[in-house]
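Below: start15.cif (mmCIF, N, CA and C atoms)
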```cif
data_target
#
loop_
_atom_site.label_atom_id
_atom_site.label_comp_id
_atom_site.auth_asym_id
_atom_site.auth_seq_id
_atom_site.Cartn_x
_atom_site.Cartn_y
_atom_site.Cartn_z
N MET U 1 12.98 6.20 -13.86
CA MET U 1 12.26 6.27 -12.60
C MET U 1 10.89 5.61 -12.71
N SER U 2 10.14 5.87 -13.82
CA SER U 2 8.80 5.30 -13.93
C SER U 2 8.84 3.78 -14.06
N THR U 3 9.92 3.24 -14.65
CA THR U 3 10.04 1.78 -14.71
C THR U 3 10.11 1.22 -13.30
N THR U 4 10.87 1.86 -12.43
CA THR U 4 10.95 1.43 -11.05
C THR U 4 9.59 1.52 -10.37
N ILE U 5 8.88 2.61 -10.60
CA ILE U 5 7.55 2.78 -10.01
C ILE U 5 6.62 1.69 -10.52
N ASN U 6 6.65 1.43 -11.82
CA ASN U 6 5.80 0.38 -12.38
C ASN U 6 6.17 -0.99 -11.82
N GLN U 7 7.46 -1.26 -11.70
CA GLN U 7 7.89 -2.54 -11.15
C GLN U 7 7.47 -2.67 -9.69
N LEU U 8 7.65 -1.62 -8.92
CA LEU U 8 7.23 -1.65 -7.51
C LEU U 8 5.73 -1.86 -7.40
N ASN U 9 4.97 -1.17 -8.24
CA ASN U 9 3.51 -1.30 -8.19
C ASN U 9 3.08 -2.73 -8.55
N ASP U 10 3.63 -3.26 -9.63
CA ASP U 10 3.26 -4.62 -10.04
C ASP U 10 3.63 -5.65 -8.97
N THR U 11 4.80 -5.49 -8.38
CA THR U 11 5.24 -6.43 -7.34
C THR U 11 4.39 -6.29 -6.09
N TRP U 12 4.04 -5.05 -5.73
CA TRP U 12 3.18 -4.80 -4.57
C TRP U 12 1.81 -5.47 -4.76
N VAL U 13 1.23 -5.31 -5.95
CA VAL U 13 -0.07 -5.92 -6.24
C VAL U 13 0.03 -7.44 -6.17
N ALA U 14 1.08 -8.00 -6.77
CA ALA U 14 1.27 -9.45 -6.75
C ALA U 14 1.46 -9.97 -5.33
N GLU U 15 2.21 -9.24 -4.53
CA GLU U 15 2.44 -9.67 -3.14
C GLU U 15 1.15 -9.58 -2.33
N GLY U 16 0.32 -8.58 -2.63
CA GLY U 16 -0.99 -8.48 -1.98
C GLY U 16 -1.86 -9.68 -2.30
N GLN U 17 -1.80 -10.13 -3.55
CA GLN U 17 -2.55 -11.33 -3.94
C GLN U 17 -2.02 -12.56 -3.22
N LYS U 18 -0.70 -12.61 -3.07
CA LYS U 18 -0.08 -13.74 -2.35
C LYS U 18 -0.55 -13.77 -0.90
N VAL U 19 -0.64 -12.61 -0.27
CA VAL U 19 -1.14 -12.52 1.11
C VAL U 19 -2.59 -13.03 1.18
N ALA U 20 -3.41 -12.60 0.22
CA ALA U 20 -4.81 -13.04 0.20
C ALA U 20 -4.91 -14.55 0.02
N ASP U 21 -4.08 -15.09 -0.88
CA ASP U 21 -4.08 -16.54 -1.11
C ASP U 21 -3.66 -17.30 0.15
N LEU U 22 -2.63 -16.80 0.82
CA LEU U 22 -2.17 -17.46 2.05
C LEU U 22 -3.21 -17.36 3.15
N ASN U 23 -3.92 -16.25 3.24
CA ASN U 23 -5.01 -16.12 4.21
C ASN U 23 -6.10 -17.15 3.93
N ALA U 24 -6.41 -17.35 2.65
CA ALA U 24 -7.41 -18.35 2.28
C ALA U 24 -6.95 -19.75 2.68
N LYS U 25 -5.67 -20.04 2.49
CA LYS U 25 -5.13 -21.34 2.90
C LYS U 25 -5.19 -21.51 4.42
N LEU U 26 -4.90 -20.43 5.14
CA LEU U 26 -4.99 -20.49 6.61
C LEU U 26 -6.42 -20.76 7.05
N ASN U 27 -7.37 -20.09 6.43
CA ASN U 27 -8.78 -20.31 6.76
C ASN U 27 -9.18 -21.75 6.47
N SER U 28 -8.74 -22.25 5.34
CA SER U 28 -9.04 -23.63 4.97
C SER U 28 -8.40 -24.61 5.95
N ALA U 29 -7.18 -24.31 6.36
CA ALA U 29 -6.47 -25.22 7.27
C ALA U 29 -7.18 -25.36 8.60
N VAL U 30 -7.70 -24.26 9.14
CA VAL U 30 -8.36 -24.36 10.45
C VAL U 30 -9.72 -25.04 10.36
N LEU U 31 -10.30 -25.05 9.17
CA LEU U 31 -11.59 -25.72 8.99
C LEU U 31 -11.43 -27.20 8.65
N ASN U 32 -10.22 -27.62 8.34
CA ASN U 32 -9.94 -28.99 7.95
C ASN U 32 -9.93 -29.89 9.19
N ASP U 33 -10.59 -31.03 9.07
CA ASP U 33 -10.62 -31.99 10.18
C ASP U 33 -9.25 -32.57 10.47
N ASP U 34 -8.37 -32.58 9.47
CA ASP U 34 -7.01 -33.09 9.63
C ASP U 34 -6.04 -31.96 9.96
N PHE U 35 -6.49 -31.03 10.80
CA PHE U 35 -5.69 -29.86 11.16
C PHE U 35 -4.33 -30.26 11.71
N SER U 36 -3.30 -29.56 11.22
CA SER U 36 -1.93 -29.81 11.69
C SER U 36 -1.36 -28.48 12.19
N ALA U 37 -1.01 -28.44 13.45
CA ALA U 37 -0.46 -27.22 14.04
C ALA U 37 0.84 -26.81 13.35
N ASP U 38 1.64 -27.80 12.98
CA ASP U 38 2.91 -27.48 12.31
C ASP U 38 2.69 -26.86 10.93
N GLU U 39 1.77 -27.45 10.16
CA GLU U 39 1.46 -26.90 8.84
C GLU U 39 0.85 -25.51 8.96
N PHE U 40 -0.02 -25.34 9.95
CA PHE U 40 -0.63 -24.03 10.17
C PHE U 40 0.44 -23.00 10.53
N ALA U 41 1.37 -23.36 11.40
CA ALA U 41 2.44 -22.44 11.79
C ALA U 41 3.30 -22.06 10.59
N GLU U 42 3.59 -23.02 9.73
CA GLU U 42 4.39 -22.75 8.53
C GLU U 42 3.65 -21.80 7.59
N LEU U 43 2.35 -22.06 7.37
CA LEU U 43 1.54 -21.17 6.53
C LEU U 43 1.48 -19.76 7.12
N LYS U 44 1.33 -19.69 8.43
CA LYS U 44 1.24 -18.40 9.10
C LYS U 44 2.56 -17.63 8.95
N THR U 45 3.68 -18.32 9.06
CA THR U 45 4.98 -17.69 8.87
C THR U 45 5.13 -17.17 7.44
N GLN U 46 4.71 -17.99 6.47
CA GLN U 46 4.76 -17.55 5.07
C GLN U 46 3.88 -16.32 4.85
N ARG U 47 2.67 -16.35 5.43
CA ARG U 47 1.75 -15.21 5.28
C ARG U 47 2.33 -13.97 5.94
N ASP U 48 2.90 -14.11 7.14
CA ASP U 48 3.46 -12.95 7.85
C ASP U 48 4.64 -12.36 7.08
N ASN U 49 5.48 -13.21 6.48
CA ASN U 49 6.59 -12.72 5.67
C ASN U 49 6.09 -12.00 4.42
N ALA U 50 5.08 -12.58 3.77
CA ALA U 50 4.50 -11.95 2.59
C ALA U 50 3.85 -10.61 2.95
N LEU U 51 3.20 -10.57 4.10
CA LEU U 51 2.57 -9.35 4.57
C LEU U 51 3.61 -8.25 4.83
N ALA U 52 4.71 -8.62 5.47
CA ALA U 52 5.77 -7.65 5.73
C ALA U 52 6.37 -7.15 4.42
N ARG U 53 6.57 -8.06 3.47
CA ARG U 53 7.12 -7.65 2.17
C ARG U 53 6.14 -6.74 1.44
N ARG U 54 4.84 -7.09 1.46
CA ARG U 54 3.83 -6.26 0.80
C ARG U 54 3.84 -4.85 1.38
N ASN U 55 3.89 -4.75 2.71
CA ASN U 55 3.89 -3.44 3.35
C ASN U 55 5.16 -2.65 3.02
N ALA U 56 6.30 -3.34 2.97
CA ALA U 56 7.56 -2.67 2.61
C ALA U 56 7.51 -2.19 1.16
N LEU U 57 6.95 -3.00 0.28
CA LEU U 57 6.81 -2.59 -1.12
C LEU U 57 5.93 -1.35 -1.24
N LYS U 58 4.86 -1.29 -0.47
CA LYS U 58 3.96 -0.13 -0.52
C LYS U 58 4.69 1.13 -0.05
N GLU U 59 5.47 1.01 1.01
CA GLU U 59 6.24 2.15 1.49
C GLU U 59 7.22 2.64 0.43
N GLN U 60 7.91 1.70 -0.21
CA GLN U 60 8.87 2.06 -1.26
C GLN U 60 8.16 2.66 -2.47
N LEU U 61 7.00 2.13 -2.81
CA LEU U 61 6.22 2.67 -3.92
C LEU U 61 5.80 4.10 -3.63
N ASP U 62 5.29 4.35 -2.44
CA ASP U 62 4.89 5.71 -2.06
C ASP U 62 6.08 6.66 -2.10
N GLN U 63 7.22 6.19 -1.62
CA GLN U 63 8.43 7.01 -1.62
C GLN U 63 8.87 7.31 -3.05
N ALA U 64 8.85 6.32 -3.92
CA ALA U 64 9.25 6.51 -5.31
C ALA U 64 8.31 7.49 -6.03
N ARG U 65 7.01 7.37 -5.74
CA ARG U 65 6.05 8.30 -6.36
C ARG U 65 6.29 9.73 -5.87
N ALA U 66 6.53 9.88 -4.58
CA ALA U 66 6.79 11.21 -4.03
C ALA U 66 8.06 11.80 -4.63
N GLU U 67 9.08 10.97 -4.75
CA GLU U 67 10.35 11.42 -5.32
C GLU U 67 10.17 11.83 -6.78
N ALA U 68 9.34 11.10 -7.51
CA ALA U 68 9.07 11.44 -8.91
C ALA U 68 8.42 12.81 -9.02
N VAL U 69 7.52 13.12 -8.11
CA VAL U 69 6.85 14.43 -8.13
C VAL U 69 7.85 15.53 -7.80
N VAL U 70 8.71 15.28 -6.81
CA VAL U 70 9.73 16.27 -6.44
C VAL U 70 10.64 16.57 -7.62
N GLN U 71 10.97 15.55 -8.40
CA GLN U 71 11.90 15.71 -9.52
C GLN U 71 11.25 16.32 -10.77
N MET U 72 9.93 16.42 -10.78
CA MET U 72 9.22 16.96 -11.95
C MET U 72 9.55 18.44 -12.16
N GLU U 73 9.59 18.83 -13.41
CA GLU U 73 9.69 20.25 -13.75
C GLU U 73 8.36 20.91 -13.38
N ASP U 74 8.43 22.17 -12.99
CA ASP U 74 7.20 22.88 -12.64
C ASP U 74 6.20 22.88 -13.79
N SER U 75 6.70 22.92 -15.03
CA SER U 75 5.81 22.94 -16.19
C SER U 75 5.02 21.64 -16.34
N GLN U 76 5.52 20.55 -15.75
CA GLN U 76 4.83 19.25 -15.81
C GLN U 76 3.75 19.11 -14.73
N LYS U 77 3.83 19.95 -13.72
CA LYS U 77 2.88 19.87 -12.62
C LYS U 77 1.60 20.59 -13.00
N LYS U 78 0.47 19.94 -12.73
CA LYS U 78 -0.83 20.52 -13.04
C LYS U 78 -1.49 20.99 -11.76
N PRO U 79 -2.19 22.12 -11.82
CA PRO U 79 -2.92 22.55 -10.62
C PRO U 79 -4.08 21.61 -10.32
N LEU U 80 -4.49 21.58 -9.06
CA LEU U 80 -5.62 20.75 -8.67
C LEU U 80 -6.90 21.24 -9.32
N ASN U 81 -7.77 20.31 -9.73
CA ASN U 81 -9.08 20.70 -10.21
C ASN U 81 -10.00 20.88 -8.99
N ASN U 82 -11.23 21.30 -9.20
CA ASN U 82 -12.13 21.58 -8.08
C ASN U 82 -12.39 20.34 -7.22
N LYS U 83 -12.55 19.19 -7.84
CA LYS U 83 -12.79 17.96 -7.09
C LYS U 83 -11.59 17.64 -6.20
N GLU U 84 -10.39 17.79 -6.75
CA GLU U 84 -9.17 17.52 -5.98
C GLU U 84 -9.01 18.53 -4.84
N LYS U 85 -9.36 19.79 -5.11
CA LYS U 85 -9.30 20.82 -4.06
C LYS U 85 -10.27 20.49 -2.93
N ASP U 86 -11.46 20.01 -3.29
CA ASP U 86 -12.45 19.63 -2.28
C ASP U 86 -11.94 18.45 -1.44
N LEU U 87 -11.30 17.48 -2.09
CA LEU U 87 -10.74 16.33 -1.36
C LEU U 87 -9.64 16.79 -0.41
N LYS U 88 -8.80 17.71 -0.87
CA LYS U 88 -7.73 18.23 -0.03
C LYS U 88 -8.33 18.94 1.18
N ALA U 89 -9.33 19.78 0.96
CA ALA U 89 -9.96 20.51 2.06
C ALA U 89 -10.63 19.55 3.04
N GLU U 90 -11.29 18.52 2.51
CA GLU U 90 -11.94 17.54 3.38
C GLU U 90 -10.91 16.77 4.21
N PHE U 91 -9.81 16.38 3.59
CA PHE U 91 -8.75 15.68 4.31
C PHE U 91 -8.21 16.56 5.43
N ILE U 92 -7.92 17.80 5.12
CA ILE U 92 -7.38 18.72 6.11
C ILE U 92 -8.38 18.90 7.26
N ARG U 93 -9.63 19.05 6.92
CA ARG U 93 -10.66 19.26 7.93
C ARG U 93 -10.78 18.06 8.88
N HIS U 94 -10.65 16.85 8.35
CA HIS U 94 -10.88 15.65 9.15
C HIS U 94 -9.64 15.03 9.76
N TYR U 95 -8.49 15.21 9.13
CA TYR U 95 -7.33 14.42 9.54
C TYR U 95 -6.10 15.22 9.98
N VAL U 96 -6.08 16.50 9.74
CA VAL U 96 -4.92 17.29 10.10
C VAL U 96 -5.25 18.08 11.37
N PRO U 97 -4.42 17.98 12.40
CA PRO U 97 -4.67 18.74 13.63
C PRO U 97 -4.75 20.23 13.34
N SER U 98 -5.60 20.91 14.04
CA SER U 98 -5.81 22.34 13.77
C SER U 98 -4.56 23.18 14.10
N SER U 99 -3.63 22.64 14.85
CA SER U 99 -2.41 23.38 15.19
C SER U 99 -1.43 23.44 14.02
N ILE U 100 -1.67 22.64 12.96
CA ILE U 100 -0.78 22.64 11.79
C ILE U 100 -1.37 23.54 10.72
N GLN U 101 -0.55 24.41 10.19
CA GLN U 101 -0.98 25.32 9.13
C GLN U 101 -0.70 24.71 7.76
N ILE U 102 -1.73 24.61 6.91
CA ILE U 102 -1.60 24.06 5.55
C ILE U 102 -1.86 25.17 4.57
N LYS U 103 -0.97 25.28 3.58
CA LYS U 103 -1.15 26.32 2.55
C LYS U 103 -1.92 25.77 1.39
#
```
Would you mind writing the file out in structure tokens?
Amino acid sequence: MSTTINQLNDTWVAEGQKVADLNAKLNSAVLNDDFSADEFAELKTQRDNALARRNALKEQLDQARAEAVVQMEDSQKKPLNNKEKDLKAEFIRHYVPSSIQIK
């Protein structure tokens, strides 16, 4: 399972870099005096595809990490430290609707 998580993470990071590189190319293309609408459209399509793949990889990575925690033995799970408890409380206070009960 951890190999899959590591592979997903590495691929997600690499795809994020690819998106950043394509964004830089798009920025450069629009600043170029020899601007080509066709080349720009092709770059934009490549960037949009890379962006969709990056987002899908992140979703799969989050799912794999959650599944790994679910599969852990209770003895492997560590209780939250005070800093983590404070982060949890802050998250709940700011982002969870008051109608939802959190234990």
Quote the spacing between atom C of Asn49 of chain U and atom N of Lys18 of chain U in Å to one decimal place.
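Atom-to-atom, atom C of Asn49 of chain U and atom N of Lys18 of chain U are spaced 10.1 Å apart.
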Work out how far atom CA of Asn23 of chain U is from atom N of Gln46 of chain U, in Å to one decimal.
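So the two atoms, atom N of Gln46 of chain U and atom CA of Asn23 of chain U, lie 10.2 Å apart.
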Specify as a ChimeraX atom specification each residue included when the PyMOL selection byres (((chain U and resi 54 and name CA) around 12) and name CA) is applied to this file.
/U:8-20,47-53,55-61
Could you go through chain U and tell me which residues DSSP, when run on the backbone, assigns to helix (DSSP H, G or I), listing them as a short mmCIF file (atom, residue, chain, number, x, y, z; two decimals) with N, CA and C atoms, in the coordinates of the input?
```cif
data_model
loop_
_atom_site.label_atom_id
_atom_site.label_comp_id
_atom_site.auth_asym_id
_atom_site.auth_seq_id
_atom_site.Cartn_x
_atom_site.Cartn_y
_atom_site.Cartn_z
N SER U 2 10.14 5.87 -13.82
CA SER U 2 8.80 5.30 -13.93
C SER U 2 8.84 3.78 -14.06
N THR U 3 9.92 3.24 -14.65
CA THR U 3 10.04 1.78 -14.71
C THR U 3 10.11 1.22 -13.30
N THR U 4 10.87 1.86 -12.43
CA THR U 4 10.95 1.43 -11.05
C THR U 4 9.59 1.52 -10.37
N ILE U 5 8.88 2.61 -10.60
CA ILE U 5 7.55 2.78 -10.01
C ILE U 5 6.62 1.69 -10.52
N ASN U 6 6.65 1.43 -11.82
CA ASN U 6 5.80 0.38 -12.38
C ASN U 6 6.17 -0.99 -11.82
N GLN U 7 7.46 -1.26 -11.70
CA GLN U 7 7.89 -2.54 -11.15
C GLN U 7 7.47 -2.67 -9.69
N LEU U 8 7.65 -1.62 -8.92
CA LEU U 8 7.23 -1.65 -7.51
C LEU U 8 5.73 -1.86 -7.40
N ASN U 9 4.97 -1.17 -8.24
CA ASN U 9 3.51 -1.30 -8.19
C ASN U 9 3.08 -2.73 -8.55
N ASP U 10 3.63 -3.26 -9.63
CA ASP U 10 3.26 -4.62 -10.04
C ASP U 10 3.63 -5.65 -8.97
N THR U 11 4.80 -5.49 -8.38
CA THR U 11 5.24 -6.43 -7.34
C THR U 11 4.39 -6.29 -6.09
N TRP U 12 4.04 -5.05 -5.73
CA TRP U 12 3.18 -4.80 -4.57
C TRP U 12 1.81 -5.47 -4.76
N VAL U 13 1.23 -5.31 -5.95
CA VAL U 13 -0.07 -5.92 -6.24
C VAL U 13 0.03 -7.44 -6.17
N ALA U 14 1.08 -8.00 -6.77
CA ALA U 14 1.27 -9.45 -6.75
C ALA U 14 1.46 -9.97 -5.33
N GLU U 15 2.21 -9.24 -4.53
CA GLU U 15 2.44 -9.67 -3.14
C GLU U 15 1.15 -9.58 -2.33
N GLY U 16 0.32 -8.58 -2.63
CA GLY U 16 -0.99 -8.48 -1.98
C GLY U 16 -1.86 -9.68 -2.30
N GLN U 17 -1.80 -10.13 -3.55
CA GLN U 17 -2.55 -11.33 -3.94
C GLN U 17 -2.02 -12.56 -3.22
N LYS U 18 -0.70 -12.61 -3.07
CA LYS U 18 -0.08 -13.74 -2.35
C LYS U 18 -0.55 -13.77 -0.90
N VAL U 19 -0.64 -12.61 -0.27
CA VAL U 19 -1.14 -12.52 1.11
C VAL U 19 -2.59 -13.03 1.18
N ALA U 20 -3.41 -12.60 0.22
CA ALA U 20 -4.81 -13.04 0.20
C ALA U 20 -4.91 -14.55 0.02
N ASP U 21 -4.08 -15.09 -0.88
CA ASP U 21 -4.08 -16.54 -1.11
C ASP U 21 -3.66 -17.30 0.15
N LEU U 22 -2.63 -16.80 0.82
CA LEU U 22 -2.17 -17.46 2.05
C LEU U 22 -3.21 -17.36 3.15
N ASN U 23 -3.92 -16.25 3.24
CA ASN U 23 -5.01 -16.12 4.21
C ASN U 23 -6.10 -17.15 3.93
N ALA U 24 -6.41 -17.35 2.65
CA ALA U 24 -7.41 -18.35 2.28
C ALA U 24 -6.95 -19.75 2.68
N LYS U 25 -5.67 -20.04 2.49
CA LYS U 25 -5.13 -21.34 2.90
C LYS U 25 -5.19 -21.51 4.42
N LEU U 26 -4.90 -20.43 5.14
CA LEU U 26 -4.99 -20.49 6.61
C LEU U 26 -6.42 -20.76 7.05
N ASN U 27 -7.37 -20.09 6.43
CA ASN U 27 -8.78 -20.31 6.76
C ASN U 27 -9.18 -21.75 6.47
N SER U 28 -8.74 -22.25 5.34
CA SER U 28 -9.04 -23.63 4.97
C SER U 28 -8.40 -24.61 5.95
N ALA U 29 -7.18 -24.31 6.36
CA ALA U 29 -6.47 -25.22 7.27
C ALA U 29 -7.18 -25.36 8.60
N VAL U 30 -7.70 -24.26 9.14
CA VAL U 30 -8.36 -24.36 10.45
C VAL U 30 -9.72 -25.04 10.36
N LEU U 31 -10.30 -25.05 9.17
CA LEU U 31 -11.59 -25.72 8.99
C LEU U 31 -11.43 -27.20 8.65
N ALA U 37 -1.01 -28.44 13.45
CA ALA U 37 -0.46 -27.22 14.04
C ALA U 37 0.84 -26.81 13.35
N ASP U 38 1.64 -27.80 12.98
CA ASP U 38 2.91 -27.48 12.31
C ASP U 38 2.69 -26.86 10.93
N GLU U 39 1.77 -27.45 10.16
CA GLU U 39 1.46 -26.90 8.84
C GLU U 39 0.85 -25.51 8.96
N PHE U 40 -0.02 -25.34 9.95
CA PHE U 40 -0.63 -24.03 10.17
C PHE U 40 0.44 -23.00 10.53
N ALA U 41 1.37 -23.36 11.40
CA ALA U 41 2.44 -22.44 11.79
C ALA U 41 3.30 -22.06 10.59
N GLU U 42 3.59 -23.02 9.73
CA GLU U 42 4.39 -22.75 8.53
C GLU U 42 3.65 -21.80 7.59
N LEU U 43 2.35 -22.06 7.37
CA LEU U 43 1.54 -21.17 6.53
C LEU U 43 1.48 -19.76 7.12
N LYS U 44 1.33 -19.69 8.43
CA LYS U 44 1.24 -18.40 9.10
C LYS U 44 2.56 -17.63 8.95
N THR U 45 3.68 -18.32 9.06
CA THR U 45 4.98 -17.69 8.87
C THR U 45 5.13 -17.17 7.44
N GLN U 46 4.71 -17.99 6.47
CA GLN U 46 4.76 -17.55 5.07
C GLN U 46 3.88 -16.32 4.85
N ARG U 47 2.67 -16.35 5.43
CA ARG U 47 1.75 -15.21 5.28
C ARG U 47 2.33 -13.97 5.94
N ASP U 48 2.90 -14.11 7.14
CA ASP U 48 3.46 -12.95 7.85
C ASP U 48 4.64 -12.36 7.08
N ASN U 49 5.48 -13.21 6.48
CA ASN U 49 6.59 -12.72 5.67
C ASN U 49 6.09 -12.00 4.42
N ALA U 50 5.08 -12.58 3.77
CA ALA U 50 4.50 -11.95 2.59
C ALA U 50 3.85 -10.61 2.95
N LEU U 51 3.20 -10.57 4.10
CA LEU U 51 2.57 -9.35 4.57
C LEU U 51 3.61 -8.25 4.83
N ALA U 52 4.71 -8.62 5.47
CA ALA U 52 5.77 -7.65 5.73
C ALA U 52 6.37 -7.15 4.42
N ARG U 53 6.57 -8.06 3.47
CA ARG U 53 7.12 -7.65 2.17
C ARG U 53 6.14 -6.74 1.44
N ARG U 54 4.84 -7.09 1.46
CA ARG U 54 3.83 -6.26 0.80
C ARG U 54 3.84 -4.85 1.38
N ASN U 55 3.89 -4.75 2.71
CA ASN U 55 3.89 -3.44 3.35
C ASN U 55 5.16 -2.65 3.02
N ALA U 56 6.30 -3.34 2.97
CA ALA U 56 7.56 -2.67 2.61
C ALA U 56 7.51 -2.19 1.16
N LEU U 57 6.95 -3.00 0.28
CA LEU U 57 6.81 -2.59 -1.12
C LEU U 57 5.93 -1.35 -1.24
N LYS U 58 4.86 -1.29 -0.47
CA LYS U 58 3.96 -0.13 -0.52
C LYS U 58 4.69 1.13 -0.05
N GLU U 59 5.47 1.01 1.01
CA GLU U 59 6.24 2.15 1.49
C GLU U 59 7.22 2.64 0.43
N GLN U 60 7.91 1.70 -0.21
CA GLN U 60 8.87 2.06 -1.26
C GLN U 60 8.16 2.66 -2.47
N LEU U 61 7.00 2.13 -2.81
CA LEU U 61 6.22 2.67 -3.92
C LEU U 61 5.80 4.10 -3.63
N ASP U 62 5.29 4.35 -2.44
CA ASP U 62 4.89 5.71 -2.06
C ASP U 62 6.08 6.66 -2.10
N GLN U 63 7.22 6.19 -1.62
CA GLN U 63 8.43 7.01 -1.62
C GLN U 63 8.87 7.31 -3.05
N ALA U 64 8.85 6.32 -3.92
CA ALA U 64 9.25 6.51 -5.31
C ALA U 64 8.31 7.49 -6.03
N ARG U 65 7.01 7.37 -5.74
CA ARG U 65 6.05 8.30 -6.36
C ARG U 65 6.29 9.73 -5.87
N ALA U 66 6.53 9.88 -4.58
CA ALA U 66 6.79 11.21 -4.03
C ALA U 66 8.06 11.80 -4.63
N GLU U 67 9.08 10.97 -4.75
CA GLU U 67 10.35 11.42 -5.32
C GLU U 67 10.17 11.83 -6.78
N ALA U 68 9.34 11.10 -7.51
CA ALA U 68 9.07 11.44 -8.91
C ALA U 68 8.42 12.81 -9.02
N VAL U 69 7.52 13.12 -8.11
CA VAL U 69 6.85 14.43 -8.13
C VAL U 69 7.85 15.53 -7.80
N VAL U 70 8.71 15.28 -6.81
CA VAL U 70 9.73 16.27 -6.44
C VAL U 70 10.64 16.57 -7.62
N GLN U 71 10.97 15.55 -8.40
CA GLN U 71 11.90 15.71 -9.52
C GLN U 71 11.25 16.32 -10.77
N ASP U 74 8.43 22.17 -12.99
CA ASP U 74 7.20 22.88 -12.64
C ASP U 74 6.20 22.88 -13.79
N SER U 75 6.70 22.92 -15.03
CA SER U 75 5.81 22.94 -16.19
C SER U 75 5.02 21.64 -16.34
N GLN U 76 5.52 20.55 -15.75
CA GLN U 76 4.83 19.25 -15.81
C GLN U 76 3.75 19.11 -14.73
N ASN U 82 -11.23 21.30 -9.20
CA ASN U 82 -12.13 21.58 -8.08
C ASN U 82 -12.39 20.34 -7.22
N LYS U 83 -12.55 19.19 -7.84
CA LYS U 83 -12.79 17.96 -7.09
C LYS U 83 -11.59 17.64 -6.20
N GLU U 84 -10.39 17.79 -6.75
CA GLU U 84 -9.17 17.52 -5.98
C GLU U 84 -9.01 18.53 -4.84
N LYS U 85 -9.36 19.79 -5.11
CA LYS U 85 -9.30 20.82 -4.06
C LYS U 85 -10.27 20.49 -2.93
N ASP U 86 -11.46 20.01 -3.29
CA ASP U 86 -12.45 19.63 -2.28
C ASP U 86 -11.94 18.45 -1.44
N LEU U 87 -11.30 17.48 -2.09
CA LEU U 87 -10.74 16.33 -1.36
C LEU U 87 -9.64 16.79 -0.41
N LYS U 88 -8.80 17.71 -0.87
CA LYS U 88 -7.73 18.23 -0.03
C LYS U 88 -8.33 18.94 1.18
N ALA U 89 -9.33 19.78 0.96
CA ALA U 89 -9.96 20.51 2.06
C ALA U 89 -10.63 19.55 3.04
N GLU U 90 -11.29 18.52 2.51
CA GLU U 90 -11.94 17.54 3.38
C GLU U 90 -10.91 16.77 4.21
N PHE U 91 -9.81 16.38 3.59
CA PHE U 91 -8.75 15.68 4.31
C PHE U 91 -8.21 16.56 5.43
N ILE U 92 -7.92 17.80 5.12
CA ILE U 92 -7.38 18.72 6.11
C ILE U 92 -8.38 18.90 7.26
N ARG U 93 -9.63 19.05 6.92
CA ARG U 93 -10.66 19.26 7.93
C ARG U 93 -10.78 18.06 8.88
N HIS U 94 -10.65 16.85 8.35
CA HIS U 94 -10.88 15.65 9.15
C HIS U 94 -9.64 15.03 9.76
N TYR U 95 -8.49 15.21 9.13
CA TYR U 95 -7.33 14.42 9.54
C TYR U 95 -6.10 15.22 9.98
#
```
Distance in Å - atom C of Arg93 of chain U versus atom C of Asp74 of chain U:
28.7 Å
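Using only C-alpha atoms, the shortest contact distance between Arg65 of chain U and any of U:Ile5, U:Leu87, U:Leu80, U:Leu43 is found at U:Ile5.
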Please define a box with edges along x, y and z of the file around all atoms of segment 27-35 of chain U given in the file, extend it by 3 Å on each side, and return its centre and edge lengths in Å to one decimal, as JSON.
```
{"center_x": -8.0, "center_y": -26.6, "center_z": 8.3, "size_x": 13.3, "size_y": 19.0, "size_z": 12.7}
```
